[in-house]
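File shown: query31.pdb (PDB, C-alpha atoms, pLDDT in the B column).
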ATOM      1  CA  MET F   1     -48.889 -36.765 -19.106  1.00 52.00           C
ATOM      2  CA  LYS F   2     -49.723 -33.105 -19.318  1.00 60.00           C
ATOM      3  CA  PHE F   3     -49.312 -32.859 -15.567  1.00 60.00           C
ATOM      4  CA  ALA F   4     -45.958 -34.584 -15.447  1.00 62.00           C
ATOM      5  CA  PRO F   5     -43.900 -31.390 -15.180  1.00 59.00           C
ATOM      6  CA  ALA F   6     -46.135 -30.026 -12.443  1.00 62.00           C
ATOM      7  CA  LEU F   7     -45.966 -33.336 -10.633  1.00 56.00           C
ATOM      8  CA  LEU F   8     -42.183 -33.260 -10.856  1.00 56.00           C
ATOM      9  CA  ILE F   9     -42.104 -29.773  -9.360  1.00 56.00           C
ATOM     10  CA  VAL F  10     -44.381 -30.803  -6.513  1.00 55.00           C
ATOM     11  CA  CYS F  11     -42.257 -33.886  -5.822  1.00 51.00           C
ATOM     12  CA  GLY F  12     -39.138 -31.754  -5.983  1.00 53.00           C
ATOM     13  CA  LEU F  13     -40.536 -29.300  -3.462  1.00 53.00           C
ATOM     14  CA  ALA F  14     -41.642 -32.115  -1.184  1.00 54.00           C
ATOM     15  CA  MET F  15     -38.165 -33.651  -1.329  1.00 52.00           C
ATOM     16  CA  ASN F  16     -36.637 -30.287  -0.575  1.00 53.00           C
ATOM     17  CA  LEU F  17     -38.810 -29.876   2.483  1.00 53.00           C
ATOM     18  CA  ALA F  18     -38.112 -33.410   3.620  1.00 49.00           C
ATOM     19  CA  HIS F  19     -34.404 -32.685   3.251  1.00 50.00           C
ATOM     20  CA  ALA F  20     -34.521 -29.470   5.209  1.00 50.00           C
ATOM     21  CA  GLU F  21     -36.509 -31.116   7.957  1.00 56.00           C
ATOM     22  CA  SER F  22     -34.210 -34.092   8.209  1.00 76.00           C
ATOM     23  CA  ILE F  23     -31.699 -32.260  10.402  1.00 91.00           C
ATOM     24  CA  PRO F  24     -32.835 -31.753  13.996  1.00 93.00           C
ATOM     25  CA  PRO F  25     -32.015 -28.367  15.587  1.00 93.00           C
ATOM     26  CA  GLU F  26     -29.534 -29.831  18.055  1.00 94.00           C
ATOM     27  CA  LYS F  27     -27.620 -31.387  15.160  1.00 95.00           C
ATOM     28  CA  VAL F  28     -27.492 -28.032  13.389  1.00 95.00           C
ATOM     29  CA  LYS F  29     -26.157 -26.407  16.544  1.00 94.00           C
ATOM     30  CA  GLU F  30     -23.536 -29.122  16.791  1.00 94.00           C
ATOM     31  CA  LYS F  31     -22.493 -28.539  13.173  1.00 94.00           C
ATOM     32  CA  ALA F  32     -22.398 -24.776  13.704  1.00 96.00           C
ATOM     33  CA  ALA F  33     -19.896 -25.199  16.548  1.00 96.00           C
ATOM     34  CA  THR F  34     -17.220 -25.718  13.885  1.00 96.00           C
ATOM     35  CA  CYS F  35     -17.980 -22.274  12.452  1.00 97.00           C
ATOM     36  CA  ALA F  36     -17.653 -20.616  15.874  1.00 96.00           C
ATOM     37  CA  ALA F  37     -13.842 -20.621  15.936  1.00 95.00           C
ATOM     38  CA  CYS F  38     -13.774 -17.931  13.255  1.00 97.00           C
ATOM     39  CA  HIS F  39     -17.326 -16.580  13.050  1.00 98.00           C
ATOM     40  CA  GLY F  40     -18.016 -16.540  16.798  1.00 96.00           C
ATOM     41  CA  ALA F  41     -20.560 -18.609  18.719  1.00 94.00           C
ATOM     42  CA  ASP F  42     -23.100 -15.840  18.059  1.00 96.00           C
ATOM     43  CA  GLY F  43     -22.092 -15.517  14.399  1.00 98.00           C
ATOM     44  CA  ASN F  44     -20.785 -11.984  14.855  1.00 97.00           C
ATOM     45  CA  SER F  45     -17.015 -12.478  14.369  1.00 97.00           C
ATOM     46  CA  ASP F  46     -16.594  -9.826  17.012  1.00 96.00           C
ATOM     47  CA  THR F  47     -12.982  -9.985  18.225  1.00 96.00           C
ATOM     48  CA  PRO F  48     -10.294  -7.869  16.495  1.00 95.00           C
ATOM     49  CA  ALA F  49      -8.643 -11.062  15.204  1.00 95.00           C
ATOM     50  CA  GLN F  50     -11.970 -12.117  13.676  1.00 97.00           C
ATOM     51  CA  SER F  51     -12.268  -8.906  11.643  1.00 97.00           C
ATOM     52  CA  GLN F  52     -10.891 -10.823   8.659  1.00 97.00           C
ATOM     53  CA  TYR F  53     -13.936 -13.116   8.758  1.00 98.00           C
ATOM     54  CA  PRO F  54     -17.425 -12.034   7.761  1.00 98.00           C
ATOM     55  CA  ARG F  55     -20.252 -11.624  10.211  1.00 98.00           C
ATOM     56  CA  LEU F  56     -22.912 -14.229   9.478  1.00 98.00           C
ATOM     57  CA  ALA F  57     -25.548 -13.389  12.074  1.00 98.00           C
ATOM     58  CA  GLY F  58     -28.489 -11.649  10.444  1.00 98.00           C
ATOM     59  CA  GLN F  59     -27.207 -12.162   6.909  1.00 98.00           C
ATOM     60  CA  TYR F  60     -29.713 -13.346   4.274  1.00 98.00           C
ATOM     61  CA  HIS F  61     -29.908 -17.143   4.423  1.00 97.00           C
ATOM     62  CA  ASP F  62     -29.887 -17.558   0.653  1.00 98.00           C
ATOM     63  CA  TYR F  63     -26.723 -15.460   0.358  1.00 98.00           C
ATOM     64  CA  LEU F  64     -25.021 -17.620   2.983  1.00 98.00           C
ATOM     65  CA  ALA F  65     -26.162 -20.768   1.170  1.00 98.00           C
ATOM     66  CA  ARG F  66     -24.895 -19.354  -2.108  1.00 98.00           C
ATOM     67  CA  ALA F  67     -21.487 -18.665  -0.527  1.00 98.00           C
ATOM     68  CA  LEU F  68     -21.264 -22.217   0.832  1.00 98.00           C
ATOM     69  CA  HIS F  69     -22.191 -23.634  -2.575  1.00 98.00           C
ATOM     70  CA  GLU F  70     -19.529 -21.503  -4.244  1.00 97.00           C
ATOM     71  CA  TYR F  71     -16.914 -22.652  -1.730  1.00 98.00           C
ATOM     72  CA  LYS F  72     -17.967 -26.241  -2.242  1.00 98.00           C
ATOM     73  CA  SER F  73     -17.788 -26.030  -6.039  1.00 97.00           C
ATOM     74  CA  GLY F  74     -14.531 -24.074  -5.961  1.00 96.00           C
ATOM     75  CA  GLU F  75     -16.087 -21.096  -7.729  1.00 95.00           C
ATOM     76  CA  ARG F  76     -15.168 -19.015  -4.704  1.00 96.00           C
ATOM     77  CA  LYS F  77     -11.674 -19.768  -3.555  1.00 95.00           C
ATOM     78  CA  ASN F  78     -10.720 -19.840   0.093  1.00 95.00           C
ATOM     79  CA  PRO F  79      -8.571 -22.633   1.496  1.00 95.00           C
ATOM     80  CA  ILE F  80     -10.316 -22.683   4.878  1.00 96.00           C
ATOM     81  CA  MET F  81     -13.869 -22.505   3.586  1.00 98.00           C
ATOM     82  CA  ALA F  82     -13.228 -25.006   0.784  1.00 97.00           C
ATOM     83  CA  GLY F  83     -12.387 -27.580   3.443  1.00 97.00           C
ATOM     84  CA  MET F  84     -15.389 -26.623   5.560  1.00 97.00           C
ATOM     85  CA  ALA F  85     -17.934 -26.647   2.741  1.00 98.00           C
ATOM     86  CA  ALA F  86     -16.730 -29.770   0.920  1.00 97.00           C
ATOM     87  CA  PRO F  87     -18.382 -32.341   3.214  1.00 97.00           C
ATOM     88  CA  LEU F  88     -21.675 -30.431   3.647  1.00 97.00           C
ATOM     89  CA  SER F  89     -24.835 -31.868   2.138  1.00 96.00           C
ATOM     90  CA  GLU F  90     -27.538 -29.720   0.546  1.00 96.00           C
ATOM     91  CA  ALA F  91     -29.652 -30.097   3.667  1.00 97.00           C
ATOM     92  CA  GLU F  92     -26.749 -29.099   5.917  1.00 97.00           C
ATOM     93  CA  ILE F  93     -25.974 -26.023   3.817  1.00 98.00           C
ATOM     94  CA  ASP F  94     -29.611 -24.985   4.004  1.00 97.00           C
ATOM     95  CA  ALA F  95     -29.891 -25.647   7.743  1.00 97.00           C
ATOM     96  CA  LEU F  96     -26.639 -23.860   8.656  1.00 98.00           C
ATOM     97  CA  SER F  97     -27.512 -20.860   6.496  1.00 98.00           C
ATOM     98  CA  ARG F  98     -30.898 -20.512   8.165  1.00 97.00           C
ATOM     99  CA  TYR F  99     -29.353 -21.012  11.624  1.00 97.00           C
ATOM    100  CA  PHE F 100     -26.972 -18.064  11.246  1.00 98.00           C
ATOM    101  CA  ALA F 101     -29.436 -15.887   9.339  1.00 98.00           C
ATOM    102  CA  ALA F 102     -31.877 -16.136  12.233  1.00 97.00           C
ATOM    103  CA  MET F 103     -29.333 -14.945  14.822  1.00 97.00           C
ATOM    104  CA  PRO F 104     -29.491 -11.365  16.070  1.00 96.00           C
ATOM    105  CA  GLY F 105     -26.505  -9.592  14.594  1.00 94.00           C
ATOM    106  CA  LYS F 106     -24.698  -6.368  13.879  1.00 97.00           C
ATOM    107  CA  LEU F 107     -25.331  -6.424  10.150  1.00 97.00           C
ATOM    108  CA  ASP F 108     -27.846  -3.847   9.034  1.00 93.00           C
ATOM    109  CA  ASP F 109     -29.713  -2.811   5.932  1.00 91.00           C
ATOM    110  CA  LEU F 110     -27.822  -0.095   4.131  1.00 94.00           C
ATOM    111  CA  SER F 111     -31.164   1.535   3.343  1.00 92.00           C
ATOM    112  CA  LYS F 112     -31.392   2.565   6.991  1.00 92.00           C
ATOM    113  CA  HIS F 113     -28.290   4.678   6.671  1.00 91.00           C
ATOM    114  CA  GLU F 114     -27.906   8.002   4.991  1.00 77.00           C
ATOM    115  CA  GLN F 115     -25.668   7.639   1.964  1.00 68.00           C
ATOM    116  CA  GLY F 116     -23.424  10.035   0.102  1.00 64.00           C
ATOM    117  CA  ASN F 117     -22.153  13.367   1.329  1.00 60.00           C
TER     118      ASN F 117
ATOM    119  CA  MET T   1      18.844  11.993  39.373  1.00 48.00           C
ATOM    120  CA  THR T   2      18.980   9.354  36.690  1.00 55.00           C
ATOM    121  CA  ARG T   3      15.727   7.732  37.795  1.00 62.00           C
ATOM    122  CA  PRO T   4      13.396  10.683  37.100  1.00 59.00           C
ATOM    123  CA  LEU T   5      15.233  11.344  33.859  1.00 59.00           C
ATOM    124  CA  LEU T   6      14.794   7.772  32.786  1.00 56.00           C
ATOM    125  CA  ALA T   7      11.133   7.800  33.746  1.00 58.00           C
ATOM    126  CA  CYS T   8      10.689  11.023  31.822  1.00 49.00           C
ATOM    127  CA  ALA T   9      12.419   9.610  28.759  1.00 54.00           C
ATOM    128  CA  LEU T  10      10.304   6.466  28.919  1.00 50.00           C
ATOM    129  CA  THR T  11       7.112   8.483  29.208  1.00 51.00           C
ATOM    130  CA  ILE T  12       8.029  10.559  26.170  1.00 50.00           C
ATOM    131  CA  LEU T  13       8.962   7.433  24.267  1.00 49.00           C
ATOM    132  CA  ALA T  14       5.703   5.754  25.198  1.00 51.00           C
ATOM    133  CA  ALA T  15       3.717   8.836  24.268  1.00 49.00           C
ATOM    134  CA  THR T  16       5.393   9.193  20.874  1.00 46.00           C
ATOM    135  CA  SER T  17       5.046   5.552  19.993  1.00 47.00           C
ATOM    136  CA  ALA T  18       1.403   5.574  21.065  1.00 46.00           C
ATOM    137  CA  THR T  19       0.764   8.614  18.875  1.00 44.00           C
ATOM    138  CA  SER T  20       2.547   7.137  15.888  1.00 44.00           C
ATOM    139  CA  THR T  21       0.772   3.805  16.286  1.00 45.00           C
ATOM    140  CA  PHE T  22      -2.539   5.626  16.384  1.00 46.00           C
ATOM    141  CA  ALA T  23      -1.613   7.714  13.353  1.00 45.00           C
ATOM    142  CA  ALA T  24      -0.495   4.657  11.412  1.00 45.00           C
ATOM    143  CA  ASP T  25      -3.662   2.834  12.367  1.00 54.00           C
ATOM    144  CA  ALA T  26      -5.851   5.713  11.324  1.00 49.00           C
ATOM    145  CA  ALA T  27      -3.949   6.103   8.048  1.00 50.00           C
ATOM    146  CA  SER T  28      -4.107   2.420   7.194  1.00 81.00           C
ATOM    147  CA  LYS T  29      -7.715   1.934   8.256  1.00 91.00           C
ATOM    148  CA  GLY T  30      -9.387   4.181   5.752  1.00 96.00           C
ATOM    149  CA  ASP T  31     -11.475   7.287   6.179  1.00 97.00           C
ATOM    150  CA  VAL T  32     -15.078   6.923   7.294  1.00 96.00           C
ATOM    151  CA  LYS T  33     -16.235  10.201   5.750  1.00 96.00           C
ATOM    152  CA  ALA T  34     -14.631   9.533   2.367  1.00 96.00           C
ATOM    153  CA  GLY T  35     -16.078   6.032   2.484  1.00 97.00           C
ATOM    154  CA  LYS T  36     -19.562   7.321   3.140  1.00 96.00           C
ATOM    155  CA  ALA T  37     -19.437   9.362  -0.073  1.00 95.00           C
ATOM    156  CA  LEU T  38     -18.290   6.339  -2.090  1.00 96.00           C
ATOM    157  CA  VAL T  39     -20.947   4.041  -0.641  1.00 96.00           C
ATOM    158  CA  TYR T  40     -23.579   6.047  -2.527  1.00 94.00           C
ATOM    159  CA  THR T  41     -22.964   3.710  -5.484  1.00 94.00           C
ATOM    160  CA  CYS T  42     -23.474   0.564  -3.391  1.00 96.00           C
ATOM    161  CA  GLY T  43     -26.958   1.725  -2.456  1.00 94.00           C
ATOM    162  CA  GLY T  44     -28.320   0.874  -5.913  1.00 94.00           C
ATOM    163  CA  CYS T  45     -28.318  -2.814  -4.925  1.00 95.00           C
ATOM    164  CA  HIS T  46     -27.238  -3.146  -1.288  1.00 96.00           C
ATOM    165  CA  GLY T  47     -29.376  -0.213  -0.200  1.00 94.00           C
ATOM    166  CA  VAL T  48     -32.612  -1.743  -1.427  1.00 93.00           C
ATOM    167  CA  THR T  49     -33.941  -4.031   1.292  1.00 90.00           C
ATOM    168  CA  GLY T  50     -34.691  -7.473  -0.076  1.00 91.00           C
ATOM    169  CA  TYR T  51     -33.014  -6.793  -3.444  1.00 95.00           C
ATOM    170  CA  MET T  52     -32.295  -9.999  -5.344  1.00 95.00           C
ATOM    171  CA  ASN T  53     -29.306 -10.981  -7.428  1.00 95.00           C
ATOM    172  CA  ALA T  54     -30.540 -12.423 -10.722  1.00 92.00           C
ATOM    173  CA  TYR T  55     -29.341 -15.713 -12.242  1.00 89.00           C
ATOM    174  CA  PRO T  56     -28.794 -17.269  -9.826  1.00 92.00           C
ATOM    175  CA  ASN T  57     -31.407 -15.783  -7.537  1.00 95.00           C
ATOM    176  CA  TYR T  58     -30.372 -14.894  -4.020  1.00 97.00           C
ATOM    177  CA  HIS T  59     -30.512 -11.834  -1.812  1.00 97.00           C
ATOM    178  CA  VAL T  60     -27.770  -9.282  -2.286  1.00 97.00           C
ATOM    179  CA  PRO T  61     -25.904  -9.458   1.042  1.00 97.00           C
ATOM    180  CA  ARG T  62     -26.275  -7.048   3.908  1.00 97.00           C
ATOM    181  CA  ILE T  63     -23.028  -5.110   4.048  1.00 98.00           C
ATOM    182  CA  ALA T  64     -23.731  -2.407   6.633  1.00 97.00           C
ATOM    183  CA  GLY T  65     -21.919  -3.393   9.816  1.00 98.00           C
ATOM    184  CA  GLN T  66     -19.770  -6.045   8.139  1.00 98.00           C
ATOM    185  CA  ASN T  67     -16.201  -6.457   9.433  1.00 98.00           C
ATOM    186  CA  TYR T  68     -13.528  -4.064   8.136  1.00 98.00           C
ATOM    187  CA  ASP T  69     -10.835  -6.551   7.156  1.00 98.00           C
ATOM    188  CA  TYR T  70     -13.322  -8.881   5.500  1.00 98.00           C
ATOM    189  CA  LEU T  71     -14.754  -6.018   3.418  1.00 98.00           C
ATOM    190  CA  VAL T  72     -11.267  -4.977   2.304  1.00 98.00           C
ATOM    191  CA  ALA T  73     -10.488  -8.588   1.348  1.00 98.00           C
ATOM    192  CA  ALA T  74     -13.794  -9.075  -0.504  1.00 98.00           C
ATOM    193  CA  LEU T  75     -13.528  -5.847  -2.524  1.00 98.00           C
ATOM    194  CA  THR T  76      -9.873  -6.535  -3.321  1.00 98.00           C
ATOM    195  CA  GLU T  77     -10.760 -10.038  -4.534  1.00 97.00           C
ATOM    196  CA  TYR T  78     -13.449  -8.571  -6.796  1.00 98.00           C
ATOM    197  CA  LYS T  79     -10.954  -5.968  -8.049  1.00 98.00           C
ATOM    198  CA  THR T  80      -8.343  -8.588  -8.945  1.00 97.00           C
ATOM    199  CA  GLY T  81     -10.895 -11.015 -10.355  1.00 96.00           C
ATOM    200  CA  GLN T  82     -10.097 -13.655  -7.747  1.00 95.00           C
ATOM    201  CA  ARG T  83     -13.748 -13.533  -6.737  1.00 95.00           C
ATOM    202  CA  SER T  84     -16.094 -13.531  -9.669  1.00 92.00           C
ATOM    203  CA  HIS T  85     -19.303 -11.581  -9.915  1.00 95.00           C
ATOM    204  CA  PRO T  86     -19.823  -9.431 -13.019  1.00 94.00           C
ATOM    205  CA  THR T  87     -21.277  -6.379 -11.254  1.00 96.00           C
ATOM    206  CA  MET T  88     -18.946  -6.503  -8.279  1.00 97.00           C
ATOM    207  CA  ARG T  89     -15.966  -7.131 -10.560  1.00 97.00           C
ATOM    208  CA  ALA T  90     -16.731  -3.895 -12.418  1.00 97.00           C
ATOM    209  CA  GLN T  91     -17.197  -2.011  -9.149  1.00 97.00           C
ATOM    210  CA  GLY T  92     -13.973  -3.392  -7.720  1.00 97.00           C
ATOM    211  CA  GLU T  93     -12.011  -2.444 -10.832  1.00 97.00           C
ATOM    212  CA  SER T  94     -13.157   1.154 -10.533  1.00 97.00           C
ATOM    213  CA  LEU T  95     -11.877   1.434  -6.957  1.00 98.00           C
ATOM    214  CA  SER T  96      -8.374   2.271  -5.765  1.00 98.00           C
ATOM    215  CA  ASP T  97      -6.909   0.475  -2.747  1.00 97.00           C
ATOM    216  CA  GLU T  98      -7.528   3.668  -0.794  1.00 98.00           C
ATOM    217  CA  ASP T  99     -11.194   3.772  -1.914  1.00 98.00           C
ATOM    218  CA  ILE T 100     -11.610   0.164  -0.752  1.00 98.00           C
ATOM    219  CA  LYS T 101     -10.228   0.990   2.697  1.00 98.00           C
ATOM    220  CA  ASN T 102     -12.475   4.044   2.948  1.00 98.00           C
ATOM    221  CA  ILE T 103     -15.592   2.070   1.984  1.00 98.00           C
ATOM    222  CA  ALA T 104     -14.716  -0.658   4.474  1.00 98.00           C
ATOM    223  CA  ALA T 105     -14.118   1.945   7.188  1.00 98.00           C
ATOM    224  CA  TYR T 106     -17.560   3.480   6.667  1.00 97.00           C
ATOM    225  CA  LEU T 107     -19.523   0.235   6.323  1.00 98.00           C
ATOM    226  CA  SER T 108     -17.896  -1.346   9.380  1.00 98.00           C
ATOM    227  CA  SER T 109     -18.584   1.811  11.382  1.00 97.00           C
ATOM    228  CA  ILE T 110     -22.368   1.452  11.028  1.00 96.00           C
ATOM    229  CA  ALA T 111     -22.737  -1.887  12.819  1.00 95.00           C
ATOM    230  CA  LYS T 112     -25.985  -2.255  14.755  1.00 92.00           C
TER     231      LYS T 112
END

The structure given in the file should be rewritten as structure tokens.
Amino acid sequence: MKFAPALLIVCGLAMNLAHAESIPPEKVKEKAATCAACHGADGNSDTPAQSQYPRLAGQYHDYLARALHEYKSGERKNPIMAGMAAPLSEAEIDALSRYFAAMPGKLDDLSKHEQGN
Amino acid sequence: MTRPLLACALTILAATSATSTFAADAASKGDVKAGKALVYTCGGCHGVTGYMNAYPNYHVPRIAGQNYDYLVAALTEYKTGQRSHPTMRAQGESLSDEDIKNIAAYLSSIAK
């Protein structure tokens, strides 16, 4: 009984892993193709018309996942992204976030740049 | 006689409109140098590699190299309260529209 909470956590973690692993890479790539229209196939939203959309490549995966969750719940309001995020499962959000985070991108750590005057 | 004159007039017209377009673009796009000074404040969270947002926990996003128009939209949404995040709301409220453009100009200029 004493171990019940720990057991629950372990089971929860195992389920999480099972979830994340349930989407094969080619399926993730297929899903990500939808994002490409605005965020670019390489996740860099690189054309002048795409300047209104954020670059995803190289962004932290947990920030991307957070954004998708907020779009899905309606906490963050954007008509396009609400429609995109609504049908995504937890596993899909996790997989897509990791997919774009792992791409080489133009985003950089601010710490590498001199700040102020 | 009319041909060279016309060509000349067209050239001048083209040159002036090109200049004014450039000037308008530069004026509306924000100033990189002014933005760099303002970004000093952002460094407290965004300038610490791996810094985490608390409750809920997630990495504070990388903003260096992000797209100009997106940055302007994001900061404006924080300013108006359309996008909610307590810290960013407060930051947004302290910024003028001009400040926002300047910050976006600097951050987008340092893409990898």

Nearest to chain T by atom-to-atom distance, counting all atoms listed in the file, from F:Ile80, F:Ala91, F:Leu96, F:Ala49: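 Selected residue with least distance to chain T: F:Ala49.
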
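Residues matching the ChimeraX specification (/T :<7) & /F in this structure come to Ser51, Gln52, Tyr53, Pro54, Arg55, Gln59, Tyr60, Asp62, Tyr63, Arg76, Lys106, Leu107, Asp108, Asp109, Leu110, Ser111, Gln115, Gly116 and Asn117 of chain F.
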
Result set of the PyMOL selection byres ((chain F and resi 88) around 12) on the coordinates above, as a ChimeraX atom specification: /F:28,31-32,65,68-69,71-73,81-87,89-97

Once 4 Å is added on each side, what centre and edge lengths in Å to one decimal does the axis-aligned box around all listed atoms of region 85-99 of chain F have, as JSON?
{"center_x": -23.8, "center_y": -26.4, "center_z": 6.1, "size_x": 22.2, "size_y": 19.8, "size_z": 19.1}

Protein, DNA and RNA residues within 10 Å of (-31.7, -23.4, 14.5), only C-alpha atoms, as number ranges by chain: F: 23-29, 32, 95-103

Result set, the PyMOL selection byres ((chain T and resi 89) around 12) on current file, as a list in words: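 That expression, the PyMOL selection byres ((chain T and resi 89) around 12), corresponds here to Ala74, Leu75, Thr76, Glu77, Tyr78, Lys79, Thr80, Gly81, Gln82, Arg83, Ser84, His85, Pro86, Thr87, Met88, Ala90, Gln91, Gly92, Glu93, Ser94 and Leu95 of chain T.
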
Just need region 37-61 of chain T in a file, please: N, CA and C atoms, as a short mmCIF file (atom, residue, chain, number, x, y, z; two decimals), in the first residue's frame.
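The new file selection38.cif reads:
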data_model
loop_
_atom_site.label_atom_id
_atom_site.label_comp_id
_atom_site.auth_asym_id
_atom_site.auth_seq_id
_atom_site.Cartn_x
_atom_site.Cartn_y
_atom_site.Cartn_z
N ALA T 37 19.35 47.50 -27.23
CA ALA T 37 19.39 48.08 -25.88
C ALA T 37 18.22 47.55 -25.05
N LEU T 38 17.05 47.46 -25.67
CA LEU T 38 15.85 47.01 -24.94
C LEU T 38 15.91 45.54 -24.58
N VAL T 39 16.58 44.75 -25.40
CA VAL T 39 16.62 43.30 -25.21
C VAL T 39 17.41 42.91 -23.95
N TYR T 40 18.11 43.88 -23.38
CA TYR T 40 18.84 43.63 -22.13
C TYR T 40 17.91 43.01 -21.08
N THR T 41 16.69 43.49 -21.02
CA THR T 41 15.70 42.98 -20.04
C THR T 41 15.33 41.52 -20.32
N CYS T 42 15.23 41.17 -21.57
CA CYS T 42 14.82 39.81 -21.96
C CYS T 42 15.82 38.76 -21.48
N GLY T 43 17.09 39.22 -21.38
CA GLY T 43 18.17 38.30 -21.04
C GLY T 43 18.00 37.60 -19.70
N GLY T 44 17.27 38.23 -18.77
CA GLY T 44 17.06 37.66 -17.45
C GLY T 44 16.46 36.25 -17.51
N CYS T 45 15.63 36.00 -18.52
CA CYS T 45 15.04 34.66 -18.69
C CYS T 45 15.49 34.02 -20.00
N HIS T 46 15.34 34.77 -21.10
CA HIS T 46 15.63 34.20 -22.42
C HIS T 46 17.14 34.11 -22.69
N GLY T 47 17.91 34.81 -21.88
CA GLY T 47 19.36 34.81 -22.09
C GLY T 47 20.08 33.80 -21.22
N VAL T 48 19.30 33.00 -20.49
CA VAL T 48 19.90 31.96 -19.66
C VAL T 48 19.57 30.62 -20.32
N THR T 49 20.59 30.00 -20.91
CA THR T 49 20.35 28.77 -21.66
C THR T 49 19.75 27.69 -20.75
N GLY T 50 18.65 27.13 -21.21
CA GLY T 50 18.01 26.06 -20.45
C GLY T 50 17.09 26.55 -19.34
N TYR T 51 16.87 27.86 -19.25
CA TYR T 51 16.02 28.42 -18.20
C TYR T 51 14.59 27.89 -18.32
N MET T 52 14.01 27.53 -17.16
CA MET T 52 12.68 26.93 -17.18
C MET T 52 11.61 27.90 -16.69
N ASN T 53 10.47 27.89 -17.36
CA ASN T 53 9.29 28.55 -16.84
C ASN T 53 8.76 27.67 -15.70
N ALA T 54 8.29 28.29 -14.63
CA ALA T 54 7.77 27.51 -13.51
C ALA T 54 6.25 27.49 -13.49
N TYR T 55 5.70 26.35 -13.18
CA TYR T 55 4.23 26.16 -13.05
C TYR T 55 3.47 26.70 -14.23
N PRO T 56 3.28 26.05 -15.28
CA PRO T 56 3.85 24.74 -15.59
C PRO T 56 5.32 24.84 -16.01
N ASN T 57 6.00 23.72 -15.91
CA ASN T 57 7.42 23.68 -16.24
C ASN T 57 7.66 23.43 -17.72
N TYR T 58 8.33 24.33 -18.34
CA TYR T 58 8.79 24.14 -19.72
C TYR T 58 9.88 25.17 -20.00
N HIS T 59 10.71 24.88 -20.97
CA HIS T 59 11.79 25.80 -21.30
C HIS T 59 11.25 27.14 -21.82
N VAL T 60 11.81 28.21 -21.34
CA VAL T 60 11.53 29.52 -21.90
C VAL T 60 12.02 29.50 -23.36
N PRO T 61 11.21 29.93 -24.31
CA PRO T 61 11.60 29.73 -25.72
C PRO T 61 12.84 30.48 -26.16
#
